[in-house]
file query.cif (mmCIF, C-alpha atoms (C1' of nucleotides))
data_data
#
loop_
_atom_site.label_atom_id
_atom_site.label_comp_id
_atom_site.auth_asym_id
_atom_site.auth_seq_id
_atom_site.Cartn_x
_atom_site.Cartn_y
_atom_site.Cartn_z
CA MET Q 7 3.02 -17.40 15.79
CA ALA Q 8 -0.25 -15.90 17.01
CA ARG Q 9 1.03 -16.03 20.56
CA VAL Q 10 4.10 -14.02 19.70
CA GLY Q 11 2.89 -11.59 17.07
CA GLY Q 12 -0.89 -11.56 17.11
CA PRO Q 13 -3.16 -12.10 14.13
CA ASP Q 14 -0.90 -10.40 11.60
CA ALA Q 15 1.87 -12.82 12.45
CA VAL Q 16 0.00 -15.92 11.42
CA VAL Q 17 1.32 -16.05 7.90
CA LEU Q 18 0.74 -19.06 5.75
CA ARG Q 19 4.15 -19.40 4.16
CA GLU Q 20 5.92 -19.13 7.46
CA ALA Q 21 3.72 -21.87 8.87
CA THR Q 22 4.70 -24.21 6.06
CA ARG Q 23 8.32 -23.29 6.59
CA GLN Q 24 8.11 -24.32 10.23
CA ALA Q 25 6.45 -27.54 9.13
CA VAL Q 26 9.36 -28.08 6.69
CA VAL Q 27 6.98 -28.33 3.82
CA SER Q 28 6.34 -26.45 0.64
CA PRO Q 29 4.03 -23.40 0.77
CA ASN Q 30 1.31 -25.05 -1.26
CA ALA Q 31 1.01 -27.97 1.11
CA ALA Q 32 -1.01 -25.67 3.34
CA TYR Q 33 -3.75 -25.59 0.75
CA ARG Q 34 -4.40 -29.28 1.32
CA HIS Q 35 -5.50 -28.42 4.86
CA PHE Q 36 -6.92 -24.91 4.67
CA ALA Q 37 -8.87 -23.27 1.87
CA ASN Q 38 -6.83 -20.10 2.23
CA GLN Q 39 -5.03 -18.07 4.83
CA ALA Q 40 -8.33 -16.76 6.22
CA ALA Q 41 -9.34 -20.33 6.98
CA LEU Q 42 -6.02 -20.92 8.65
CA LEU Q 43 -6.49 -17.83 10.78
CA ASP Q 44 -9.97 -19.06 11.61
CA ALA Q 45 -8.58 -22.29 12.98
CA VAL Q 46 -5.99 -20.44 15.01
CA ARG Q 47 -8.60 -18.10 16.39
CA SER Q 48 -10.67 -21.02 17.49
CA VAL Q 49 -7.76 -22.33 19.51
CA CYS Q 50 -7.19 -18.92 21.06
CA LEU Q 51 -10.83 -18.70 22.11
CA SER Q 52 -10.56 -22.09 23.78
CA ARG Q 53 -7.54 -20.96 25.73
CA LEU Q 54 -9.41 -17.87 26.83
CA ALA Q 55 -12.33 -19.99 27.95
CA ALA Q 56 -9.93 -22.19 29.90
CA ALA Q 57 -8.39 -19.18 31.62
CA ILE Q 58 -11.81 -17.95 32.69
CA GLU Q 59 -12.82 -21.38 33.90
CA GLU Q 60 -9.72 -21.63 36.00
CA GLU Q 61 -10.42 -18.30 37.60
CA MET Q 62 -14.01 -19.33 38.26
CA SER Q 63 -13.00 -22.63 39.76
CA LYS Q 64 -11.30 -20.78 42.58
CA THR Q 65 -14.66 -19.84 44.07
CA ARG Q 66 -17.04 -22.51 45.27
CA LEU Q 67 -20.66 -22.19 46.19
CA GLY Q 68 -20.76 -21.39 49.90
CA ARG Q 69 -23.38 -20.10 52.35
CA ASP Q 70 -24.40 -16.94 50.58
CA PRO Q 71 -25.42 -17.35 46.93
CA GLN Q 72 -25.12 -13.61 46.40
CA VAL Q 73 -21.48 -13.65 47.41
CA PHE Q 74 -20.97 -16.60 45.09
CA ALA Q 75 -22.65 -14.78 42.21
CA ARG Q 76 -20.56 -11.69 42.73
CA LYS Q 77 -17.39 -13.70 42.90
CA SER Q 78 -18.36 -15.50 39.73
CA LEU Q 79 -18.82 -12.31 37.80
CA ARG Q 80 -15.57 -11.00 39.15
CA ALA Q 81 -13.82 -14.21 38.12
CA VAL Q 82 -15.07 -13.93 34.57
CA GLY Q 83 -13.93 -10.34 34.30
CA MET Q 84 -10.56 -10.84 35.88
CA GLY Q 85 -9.96 -14.12 34.09
CA TYR Q 86 -10.66 -12.38 30.83
CA LEU Q 87 -8.38 -9.51 31.64
CA GLY Q 88 -5.67 -11.71 33.05
CA PHE Q 89 -5.55 -13.80 29.92
CA ALA Q 90 -5.34 -10.66 27.83
CA MET Q 91 -2.32 -9.50 29.78
CA ARG Q 92 -0.63 -12.88 29.93
CA GLU Q 93 -1.22 -13.81 26.31
CA PRO Q 94 -1.68 -10.59 24.39
CA GLY Q 95 -0.99 -12.18 21.03
CA MET Q 96 -3.56 -14.92 21.49
CA PHE Q 97 -6.11 -12.53 22.90
CA ARG Q 98 -5.78 -10.16 19.98
CA THR Q 99 -5.99 -13.10 17.62
CA ALA Q 100 -9.10 -14.41 19.33
CA PHE Q 101 -10.95 -11.20 18.48
CA SER Q 102 -9.25 -10.27 15.25
CA VAL Q 103 -12.10 -11.12 12.94
CA PRO Q 104 -15.77 -11.60 13.67
CA PRO Q 105 -17.31 -14.94 14.36
CA THR Q 106 -20.85 -14.16 15.40
CA VAL Q 107 -21.62 -14.57 19.07
CA ASP Q 108 -24.53 -16.91 18.52
CA SER Q 109 -22.67 -19.62 16.68
CA PRO Q 110 -21.66 -21.93 19.52
CA ASN Q 111 -18.69 -23.56 17.86
CA PRO Q 112 -17.74 -26.39 20.21
CA ALA Q 113 -14.13 -25.86 19.22
CA ASN Q 114 -14.13 -22.56 21.08
CA THR Q 115 -14.80 -24.06 24.46
CA ALA Q 116 -12.72 -25.47 27.27
CA SER Q 117 -13.45 -28.26 29.73
CA MET Q 118 -16.89 -27.01 30.70
CA GLY Q 119 -17.96 -26.88 27.07
CA LEU Q 120 -18.79 -23.19 27.32
CA ASN Q 121 -17.25 -20.44 25.27
CA PRO Q 122 -16.18 -17.19 26.99
CA PHE Q 123 -19.47 -15.51 26.27
CA GLU Q 124 -21.45 -18.39 27.73
CA LEU Q 125 -19.29 -18.37 30.83
CA LEU Q 126 -20.19 -14.73 31.32
CA SER Q 127 -23.86 -15.58 30.90
CA LEU Q 128 -23.48 -18.24 33.55
CA ALA Q 129 -22.10 -15.73 36.03
CA LEU Q 130 -24.90 -13.29 35.28
CA ASN Q 131 -27.48 -16.01 35.72
CA ARG Q 132 -26.13 -16.60 39.18
CA MET Q 133 -26.55 -12.90 39.86
CA GLN Q 134 -30.18 -13.04 38.82
CA GLU Q 135 -30.95 -16.28 40.64
CA SER Q 136 -29.53 -14.92 43.85
CA GLY Q 137 -31.64 -11.80 43.56
CA LEU Q 138 -28.89 -9.37 42.73
CA LEU Q 139 -30.39 -8.64 39.35
CA THR Q 140 -33.97 -8.19 38.24
CA LYS Q 141 -35.14 -9.97 35.14
CA LYS Q 142 -35.25 -6.69 33.31
CA ASP Q 143 -31.72 -5.72 34.28
CA ARG Q 144 -30.50 -9.18 33.41
CA LYS Q 145 -31.47 -8.72 29.79
CA ASP Q 146 -28.49 -8.04 27.53
CA ALA Q 147 -26.36 -7.56 30.61
CA GLU Q 148 -23.65 -9.73 29.06
CA TYR Q 149 -23.07 -7.14 26.41
CA LEU Q 150 -22.67 -4.39 28.95
CA ALA Q 151 -20.34 -6.35 31.16
CA TRP Q 152 -18.39 -7.70 28.24
CA SER Q 153 -17.89 -4.28 26.72
CA THR Q 154 -16.18 -2.94 29.80
CA VAL Q 155 -13.45 -5.52 30.22
CA HIS Q 156 -13.00 -5.96 26.51
CA GLY Q 157 -12.54 -2.24 26.11
CA LEU Q 158 -9.95 -2.05 28.83
CA ALA Q 159 -8.10 -5.04 27.44
CA LEU Q 160 -7.90 -3.56 23.98
CA LEU Q 161 -6.97 -0.09 25.12
CA VAL Q 162 -4.09 -1.70 26.91
CA LEU Q 163 -3.04 -4.25 24.31
CA GLU Q 164 -3.26 -2.33 21.11
CA GLY Q 165 -4.41 1.07 22.15
CA PRO Q 166 -3.25 4.23 23.82
CA LEU Q 167 -2.86 2.61 27.23
CA HIS Q 168 -0.20 0.16 26.17
CA LYS Q 169 2.40 1.68 28.43
CA MET Q 170 0.39 1.30 31.60
CA PRO Q 171 2.00 -1.16 34.03
CA HIS Q 172 0.23 -4.46 34.50
CA GLU Q 173 -0.60 -4.12 38.14
CA ARG Q 174 -2.28 -0.81 37.49
CA VAL Q 175 -4.31 -2.36 34.70
CA LEU Q 176 -5.46 -5.13 37.00
CA ALA Q 177 -6.37 -2.60 39.65
CA LEU Q 178 -8.44 -0.77 37.07
CA GLY Q 179 -10.02 -4.09 36.20
CA GLU Q 180 -11.13 -4.57 39.76
CA ARG Q 181 -12.73 -1.16 39.81
CA LEU Q 182 -14.32 -1.90 36.48
CA VAL Q 183 -15.99 -5.06 37.70
CA THR Q 184 -17.19 -3.22 40.78
CA MET Q 185 -18.61 -0.56 38.53
CA VAL Q 186 -20.45 -3.21 36.52
CA GLU Q 187 -21.83 -4.83 39.67
CA ARG Q 188 -23.19 -1.52 40.92
CA GLY Q 189 -24.21 -0.14 37.59
CA LEU Q 190 -26.06 -3.07 36.12
CA SER Q 191 -29.11 -2.77 38.31
CA MET Y 9 -9.10 4.44 1.91
CA ALA Y 10 -9.20 4.29 5.71
CA ARG Y 11 -12.83 5.31 5.66
CA VAL Y 12 -13.79 2.47 3.38
CA GLY Y 13 -11.51 -0.33 4.47
CA GLY Y 14 -10.02 0.54 7.82
CA PRO Y 15 -6.34 0.55 8.69
CA ASP Y 16 -5.43 -2.41 6.51
CA ALA Y 17 -6.74 -0.60 3.47
CA VAL Y 18 -4.36 2.30 3.70
CA VAL Y 19 -1.74 0.88 1.39
CA LEU Y 20 1.08 3.01 0.17
CA ARG Y 21 1.20 1.96 -3.46
CA GLU Y 22 -2.53 2.42 -3.88
CA ALA Y 23 -2.25 5.94 -2.48
CA THR Y 24 0.39 6.84 -5.05
CA ARG Y 25 -1.77 5.32 -7.74
CA GLN Y 26 -4.68 7.56 -6.79
CA ALA Y 27 -2.26 10.48 -6.83
CA VAL Y 28 -1.21 9.41 -10.35
CA VAL Y 29 2.37 9.20 -9.25
CA SER Y 30 5.03 6.54 -9.01
CA PRO Y 31 5.13 4.40 -5.85
CA ASN Y 32 8.41 5.85 -4.66
CA ALA Y 33 7.11 9.40 -4.70
CA ALA Y 34 5.43 8.61 -1.40
CA TYR Y 35 8.80 8.35 0.26
CA ARG Y 36 9.35 12.07 -0.32
CA HIS Y 37 6.49 12.74 2.07
CA PHE Y 38 6.48 9.83 4.52
CA ALA Y 39 9.37 7.87 5.94
CA ASN Y 40 7.52 4.61 5.40
CA GLN Y 41 4.03 3.20 5.34
CA ALA Y 42 3.83 3.31 9.15
CA ALA Y 43 4.38 7.05 9.01
CA LEU Y 44 1.68 7.34 6.40
CA LEU Y 45 -0.71 5.39 8.56
CA ASP Y 46 0.24 7.63 11.46
CA ALA Y 47 -0.79 10.68 9.53
CA VAL Y 48 -4.06 9.09 8.53
CA ARG Y 49 -4.76 8.05 12.09
CA SER Y 50 -4.20 11.58 13.24
CA VAL Y 51 -6.88 12.79 10.87
CA CYS Y 52 -9.25 10.08 12.07
CA LEU Y 53 -8.74 11.11 15.68
CA SER Y 54 -9.55 14.68 14.79
CA ARG Y 55 -12.77 13.62 13.15
CA LEU Y 56 -13.68 11.64 16.23
CA ALA Y 57 -12.98 14.64 18.42
CA ALA Y 58 -15.16 16.74 16.16
CA ALA Y 59 -18.00 14.24 16.42
CA ILE Y 60 -17.82 14.31 20.21
CA GLU Y 61 -17.68 18.07 20.28
CA GLU Y 62 -20.75 18.29 18.13
CA GLU Y 63 -22.64 15.98 20.43
CA MET Y 64 -21.50 17.99 23.44
CA SER Y 65 -22.49 21.28 21.88
CA LYS Y 66 -26.10 20.16 21.94
CA THR Y 67 -26.24 20.61 25.69
CA ARG Y 68 -25.69 24.03 27.24
CA LEU Y 69 -25.10 24.90 30.85
CA GLY Y 70 -28.51 25.47 32.41
CA ARG Y 71 -29.86 25.77 35.94
CA ASP Y 72 -28.62 22.54 37.36
CA PRO Y 73 -24.90 21.86 36.98
CA GLN Y 74 -25.42 18.21 37.85
CA VAL Y 75 -27.80 17.76 34.95
CA PHE Y 76 -25.29 19.51 32.75
CA ALA Y 77 -22.47 17.24 33.93
CA ARG Y 78 -24.50 14.12 33.32
CA LYS Y 79 -25.49 15.28 29.89
CA SER Y 80 -21.88 16.05 29.09
CA LEU Y 81 -20.72 12.57 29.98
CA ARG Y 82 -23.56 11.11 28.00
CA ALA Y 83 -22.64 13.25 25.02
CA VAL Y 84 -19.05 12.06 25.07
CA GLY Y 85 -20.10 8.44 25.23
CA MET Y 86 -22.77 8.64 22.59
CA GLY Y 87 -20.70 10.89 20.36
CA TYR Y 88 -17.94 8.32 20.54
CA LEU Y 89 -20.26 5.46 19.78
CA GLY Y 90 -22.11 7.33 17.08
CA PHE Y 91 -18.92 8.11 15.25
CA ALA Y 92 -17.86 4.49 15.48
CA MET Y 93 -21.10 3.40 13.85
CA ARG Y 94 -21.16 6.12 11.22
CA GLU Y 95 -17.50 5.85 10.26
CA PRO Y 96 -16.35 2.37 11.18
CA GLY Y 97 -13.30 2.50 8.94
CA MET Y 98 -12.03 5.74 10.38
CA PHE Y 99 -12.78 4.66 13.93
CA ARG Y 100 -10.88 1.43 13.54
CA THR Y 101 -8.03 3.32 11.95
CA ALA Y 102 -7.96 5.84 14.78
CA PHE Y 103 -7.19 3.07 17.25
CA SER Y 104 -5.26 0.71 15.05
CA VAL Y 105 -1.85 1.33 16.55
CA PRO Y 106 -0.89 2.84 19.85
CA PRO Y 107 -0.10 6.50 20.24
CA THR Y 108 0.26 6.99 23.99
CA VAL Y 109 -2.56 8.80 25.69
CA ASP Y 110 -0.35 11.44 27.24
CA SER Y 111 1.10 12.82 24.04
CA PRO Y 112 -1.26 15.69 23.28
CA ASN Y 113 -0.67 15.90 19.57
CA PRO Y 114 -2.48 19.05 18.49
CA ALA Y 115 -3.22 17.39 15.18
CA ASN Y 116 -5.61 15.02 16.91
CA THR Y 117 -7.96 17.74 18.09
CA ALA Y 118 -10.97 19.49 16.65
CA SER Y 119 -12.20 23.03 17.10
CA MET Y 120 -11.90 23.04 20.89
CA GLY Y 121 -8.30 21.90 20.71
CA LEU Y 122 -9.01 18.84 22.81
CA ASN Y 123 -8.48 15.27 21.75
CA PRO Y 124 -11.15 12.67 22.49
CA PHE Y 125 -9.56 11.66 25.76
CA GLU Y 126 -9.38 15.25 26.96
CA LEU Y 127 -13.01 15.79 26.05
CA LEU Y 128 -13.90 12.86 28.28
CA SER Y 129 -11.82 14.35 31.08
CA LEU Y 130 -13.70 17.60 30.68
CA ALA Y 131 -17.03 15.84 31.13
CA LEU Y 132 -15.78 14.01 34.20
CA ASN Y 133 -14.47 17.25 35.67
CA ARG Y 134 -17.95 18.66 35.38
CA MET Y 135 -19.22 15.62 37.27
CA GLN Y 136 -16.78 16.25 40.08
CA GLU Y 137 -17.33 20.00 40.21
CA SER Y 138 -21.06 19.55 40.46
CA GLY Y 139 -20.64 17.10 43.31
CA LEU Y 140 -21.60 13.95 41.47
CA LEU Y 141 -18.17 12.48 41.96
CA THR Y 142 -15.83 12.50 44.91
CA LYS Y 143 -12.22 13.34 44.34
CA LYS Y 144 -11.30 9.74 44.99
CA ASP Y 145 -13.83 8.36 42.53
CA ARG Y 146 -12.77 10.93 39.98
CA LYS Y 147 -9.28 9.49 39.82
CA ASP Y 148 -8.67 7.40 36.71
CA ALA Y 149 -12.38 7.53 35.99
CA GLU Y 150 -11.62 8.33 32.36
CA TYR Y 151 -10.11 4.92 31.89
CA LEU Y 152 -13.16 3.20 33.32
CA ALA Y 153 -15.59 5.22 31.28
CA TRP Y 154 -13.53 4.98 28.16
CA SER Y 155 -13.18 1.23 28.42
CA THR Y 156 -16.90 0.69 28.37
CA VAL Y 157 -17.80 2.54 25.20
CA HIS Y 158 -14.62 1.55 23.46
CA GLY Y 159 -15.31 -2.08 24.21
CA LEU Y 160 -18.83 -1.93 22.87
CA ALA Y 161 -17.67 -0.10 19.76
CA LEU Y 162 -15.04 -2.70 18.98
CA LEU Y 163 -17.24 -5.68 19.73
CA VAL Y 164 -19.64 -4.25 17.20
CA LEU Y 165 -17.19 -3.06 14.55
CA GLU Y 166 -14.71 -5.87 14.39
CA GLY Y 167 -15.94 -8.35 16.94
CA PRO Y 168 -18.60 -10.92 17.51
CA LEU Y 169 -21.41 -8.37 17.70
CA HIS Y 170 -21.01 -7.11 14.17
CA LYS Y 171 -24.42 -8.31 13.12
CA MET Y 172 -26.30 -6.41 15.80
CA PRO Y 173 -28.53 -3.71 14.30
CA HIS Y 174 -27.48 -0.13 14.87
CA GLU Y 175 -30.42 1.01 16.88
CA ARG Y 176 -29.91 -1.84 19.30
CA VAL Y 177 -26.27 -0.92 19.67
CA LEU Y 178 -27.18 2.66 20.45
CA ALA Y 179 -29.72 1.49 22.99
CA LEU Y 180 -27.03 -0.58 24.62
CA GLY Y 181 -24.83 2.50 24.58
CA GLU Y 182 -27.41 4.43 26.54
CA ARG Y 183 -27.58 1.72 29.15
CA LEU Y 184 -23.82 1.61 29.22
CA VAL Y 185 -23.47 5.28 30.00
CA THR Y 186 -26.10 4.96 32.68
CA MET Y 187 -24.14 2.10 34.14
CA VAL Y 188 -21.02 4.24 34.19
CA GLU Y 189 -22.84 7.12 35.85
CA ARG Y 190 -24.13 4.87 38.59
CA GLY Y 191 -21.10 2.70 38.90
CA LEU Y 192 -18.36 5.28 39.05
CA SER Y 193 -19.11 6.50 42.54
"C1'" DC K 13 22.98 32.57 -14.34
"C1'" DG K 14 23.98 28.92 -11.56
"C1'" DG K 15 23.46 26.09 -7.81
"C1'" DT K 16 20.63 23.83 -4.36
"C1'" DA K 17 16.71 21.46 -2.51
"C1'" DA K 18 12.33 19.31 -3.32
"C1'" DA K 19 9.75 16.10 -5.90
"C1'" DG K 20 9.29 12.43 -9.09
"C1'" DT K 21 11.04 8.26 -11.80
"C1'" DA K 22 12.97 3.61 -13.03
"C1'" DA K 23 14.53 -0.77 -11.91
"C1'" DA K 24 15.20 -4.11 -8.72
"C1'" DC K 25 14.71 -7.18 -4.27
"C1'" DG K 26 12.35 -10.06 -1.05
"C1'" DC K 27 8.21 -10.92 0.96
"C1'" DT K 28 3.29 -12.29 0.75
"C1'" DG K 29 -1.05 -15.17 -0.90
"C1'" DT K 30 -2.61 -17.91 -4.57
"C1'" DC K 31 -3.27 -20.77 -8.94
"C1'" DC K 32 -1.86 -24.41 -12.09
"C1'" DA K 33 -0.08 -28.77 -13.40
"C1'" DC K 34 2.33 -32.67 -11.90
"C1'" DA K 35 4.18 -36.36 -8.61
"C1'" DT K 36 3.85 -39.73 -4.98
"C1'" DA K 37 1.76 -42.97 -1.61
"C1'" DC K 38 -1.51 -45.38 0.60
"C1'" DA K 39 -6.07 -47.88 0.84
"C1'" DC K 40 -9.67 -50.23 -0.84
"C1'" DT K 41 -12.02 -52.69 -4.33
"C1'" DA K 42 -12.88 -55.63 -8.57
"C1'" DT B 28 -3.24 -59.36 -7.37
"C1'" DA B 29 -3.82 -55.54 -10.19
"C1'" DG B 30 -5.76 -51.18 -10.51
"C1'" DT B 31 -7.83 -47.09 -9.35
"C1'" DG B 32 -8.90 -43.12 -6.47
"C1'" DT B 33 -8.04 -39.96 -2.80
"C1'" DA B 34 -5.01 -37.54 0.16
"C1'" DT B 35 -0.94 -35.13 0.41
"C1'" DG B 36 3.09 -32.79 -1.22
"C1'" DT B 37 6.07 -30.34 -4.96
"C1'" DG B 38 7.67 -26.94 -8.45
"C1'" DG B 39 6.96 -23.03 -11.05
"C1'" DA B 40 4.71 -19.00 -11.86
"C1'" DC B 41 2.02 -14.50 -11.10
"C1'" DA B 42 0.51 -10.21 -9.06
"C1'" DG B 43 0.68 -7.24 -5.25
"C1'" DC B 44 3.02 -5.25 -1.38
"C1'" DG B 45 6.88 -2.28 1.07
"C1'" DT B 46 11.39 -0.67 0.41
"C1'" DT B 47 16.16 0.56 -1.42
"C1'" DT B 48 19.47 2.60 -4.62
"C1'" DA B 49 20.55 5.58 -8.26
"C1'" DC B 50 19.13 8.86 -11.53
"C1'" DT B 51 16.22 12.86 -13.45
"C1'" DT B 52 13.39 16.73 -13.46
"C1'" DT B 53 11.47 21.00 -11.57
"C1'" DA B 54 11.50 25.30 -9.24
"C1'" DC B 55 13.28 28.86 -6.81
"C1'" DC B 56 16.63 32.26 -4.91
"C1'" DG B 57 20.83 34.78 -4.40
#

call {"tool": "encode", "arguments": {"input": "query.cif", "output": "structure tokens"}}
result
Amino acid sequence: MARVGGPDAVVLREATRQAVVSPNAAYRHFANQAALLDAVRSVCLSRLAAAIEEEMSKTRLGRDPQVFARKSLRAVGMGYLGFAMREPGMFRTAFSVPPTVDSPNPANTASMGLNPFELLSLALNRMQESGLLTKKDRKDAEYLAWSTVHGLALLVLEGPLHKMPHERVLALGERLVTMVERGLS
Amino acid sequence: MARVGGPDAVVLREATRQAVVSPNAAYRHFANQAALLDAVRSVCLSRLAAAIEEEMSKTRLGRDPQVFARKSLRAVGMGYLGFAMREPGMFRTAFSVPPTVDSPNPANTASMGLNPFELLSLALNRMQESGLLTKKDRKDAEYLAWSTVHGLALLVLEGPLHKMPHERVLALGERLVTMVERGLS
DNA sequence: CGGTAAAGTAAACGCTGTCCACATACACTA
DNA sequence: TAGTGTATGTGGACAGCGTTTACTTTACCG
């Protein structure tokens, strides 16, 4: 339901209907519909993490660690954006209601055991380790980088840019990551 | 209602209640609740435009047009972010459902007659005119710049960063605008 | 004075989340 | 083996929501 219609579509009664069960049966498994949505969101975050991981796995550590770091950051950004375009409902659900960033719920992770935010941190660490980022610039850089792609994703999914064709969005995403790379330091 | 509770709080029946009127009376003024929300969103966008304008009005054209251009862009970004922090409900309402960017509804503007997007374009034009931006880099730059502040605003308002203190958010905003300035070209 | 259009009302429908009391079914223990 | 407790599911009800249909009031203008 979240996949198709986003957070508003995850409605308790409909879930029980699909389970061929009475509406109240849901209350044996979730305290209320907010708790149900919470569980769904957790799944969506895991899927997002998986999408980012897959994008990251395409680049292996080679000769130049700086190239690797750049590619990692790019992978996180484009993986994020790609998931948002491929699974708009799940993406919107994943960020529909605030779980704090510093509560590493293991249920939000994929195979690497890192949630999306931690994957971003990983990429930025590689930037710093390879000398692309000073310690000072590294600080809070995840928030800056995250804001950019998240903003684009939301403007496209549920904002004024929703009519923009996908390939143009992805092209903008590329420019965006480049902008982050250049602008962070 | 939007101011206090965001888009979900603008409920038709409650509006009629506050107007001391029967629920159906609303249908003499709005086709349905979506139309009502549309009207509310329009107001919210105007307020946002006004907030940006006010921030922009603090900087006047001086000696150096490049300084002016930079300050303009900064004003748009920080005006945007400031409004989001001051009026979270209205901000969330303003972007709750997609009106396309290229439908210049005059109702969305403030005193200058420009909607928020057009105000951003104005600032970027100043960047180009003063030589800070090449024609090529100018293209679609509004989407890149917009994405960044919008993303931060949403991560804070209804995302995982909602517990971050305001002053830290604004500090991040400053860095963000700097990143855009540097990263656009 | 009369007719027309705008605004408001009343009752009803189906949908939602949620609470209450009650039924079953399985497991483990005395 | 009998019995009890916990997990799960059911049925009925309630309030709130958006929306429709049909009816009433109000105000104005020729």

call {"tool": "residues_around", "arguments": {"input": "query.cif", "residues": "range 139-149 of chain Y", "least_positions_apart": "2", "cutoff": "10 Å", "atoms": "all atoms listed in the file", "output": "PyMOL selection string"}}
result
(chain Q and resi 178+181-182) or (chain Y and resi 73-75+77-78+128-129+132-137+151-155+188-193)

call {"tool": "closest_residue", "arguments": {"input": "query.cif", "among": "K:DT16, K:DT21, K:DT28, K:DT36", "to": "DA49 in chain B", "atoms": "all atoms listed in the file"}}
result
K:DT21

call {"tool": "residues_around", "arguments": {"input": "query.cif", "residues": "DG45 in chain B", "least_positions_apart": "5", "cutoff": "9 Å", "atoms": "all atoms listed in the file", "output": "short mmCIF file (atom, residue, chain, number, x, y, z; two decimals) with C-alpha atoms (C1' of nucleotides), in the coordinates of the input"}}
result
data_model
loop_
_atom_site.label_atom_id
_atom_site.label_comp_id
_atom_site.auth_asym_id
_atom_site.auth_seq_id
_atom_site.Cartn_x
_atom_site.Cartn_y
_atom_site.Cartn_z
CA LEU Y 20 1.08 3.01 0.17
CA ARG Y 21 1.20 1.96 -3.46
CA ASN Y 40 7.52 4.61 5.40
CA GLN Y 41 4.03 3.20 5.34
"C1'" DC K 27 8.21 -10.92 0.96
#

call {"tool": "interface_residues", "arguments": {"input": "query.cif", "of": "chain K", "to": "chain Y", "cutoff": "12 Å", "atoms": "only C-alpha atoms (C1' of nucleotides)", "output": "list in words"}}
result
DA18, DA19, DG20, DT21, DA22 and DA23 of chain K

call {"tool": "closest_atom_pairs", "arguments": {"input": "query.cif", "of": "chain B", "to": "chain Q", "cutoff": "8 Å", "atoms": "all atoms listed in the file", "output": "CSV"}}
result
residue,atom,partner,partner_atom,distance
B:DT35,C1',Q:Arg34,CA,6.9
B:DG36,C1',Q:Ala31,CA,5.7
B:DT37,C1',Q:Ser28,CA,6.8

call {"tool": "atom_distance", "arguments": {"input": "query.cif", "atom1": "CA of His158 in chain Y", "atom2": "CA of Gly157 in chain Q"}}
result
5.1 Å

call {"tool": "residues_around", "arguments": {"input": "query.cif", "residues": "DA29 in chain B", "least_positions_apart": "2", "cutoff": "12 Å", "atoms": "all atoms listed in the file", "output": "count of residues only"}}
result
3
